[in-house]
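As structure tokens, the structure follows; a few thoughts come after it.
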Amino acid sequence: MPTRALAITDGRPPDIRTALLRRALGTTLVSSGLLEDATRARSTALMHAEAALGRDSPVVGAVLAELGDVLRRRDLLDRARLFLERAVTVLEAAHGPDHPATATARRALAALPHHDGHGA
């Protein structure tokens, strides 16, 4: 069912509703252990959110952190680091350094090992 939902939202023009749908779908896919599909859902959510809200939106920051998380779960640590670094930057600018979303993204980034050997 979740992968059918991915197909239904493929090819839609960028908008915030599709971003939020793909974001929620990514969470469901992670919970189901479908990490590659979750990566695709969250990547598309990011594209839609950036197009609809701009690169510095706190929603974009949240999606960046979620995408970093799924990449970490897939052991793609260098890629995860790139998304988490950007998430921290966006969330800190939007909410400040003490906001829970900023702190969560910063902790996720700090927990990553420095090198994974997989490349970006």
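As shown in the structure tokens, the chain order sets the letters A, B, ...; within each chain, residues go from 1, and ligands are also counted from 1 in the order they appear.
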Alpha helix (DSSP H) positions in chain A, given as a PyMOL selection string: chain A and resi 2-9+16-31+35-53+58-73+77-95+100-110
Can you tell me which residues surround Met47 (chain A) at a distance of at most 9 Å, considering only C-alpha atoms, apart from same-chain residues fewer than 3 positions away, and format the answer as a VMD selection string? chain A and resid 14 19 42 to 44 50 to 52 60
I'd like the interatomic distance between CA of Gly33 (chain A) and CA of Gly68 (chain A), to a tenth of an Å. 15.7 Å
Give me the residues near Ala108 (chain A) as an MDAnalysis selection string, where near means some atom within 12 Å (using only C-alpha atoms) and where sequence neighbours in that chain fewer than 5 positions away do not count. chainID A and resid 64:73 77 80:85 87:88 101:103 113
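Considering only C-alpha atoms, the residue among A:Ala94, A:Leu35, A:Leu76, A:Leu112 positioned nearest to Ser57 (chain A) is A:Ala94.
Taking only C-alpha atoms into account, Arg74 (chain A) lies nearest to A:Glu36 out of the set A:Glu36, A:Glu92, A:Asp15, A:Asp56.
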Show me, as a VMD selection string, the residues that have an atom within 12 Å of Pro97 (chain A) when counting only C-alpha atoms, minus same-chain residues fewer than 6 positions from it. chain A and resid 87 to 91 103 to 107
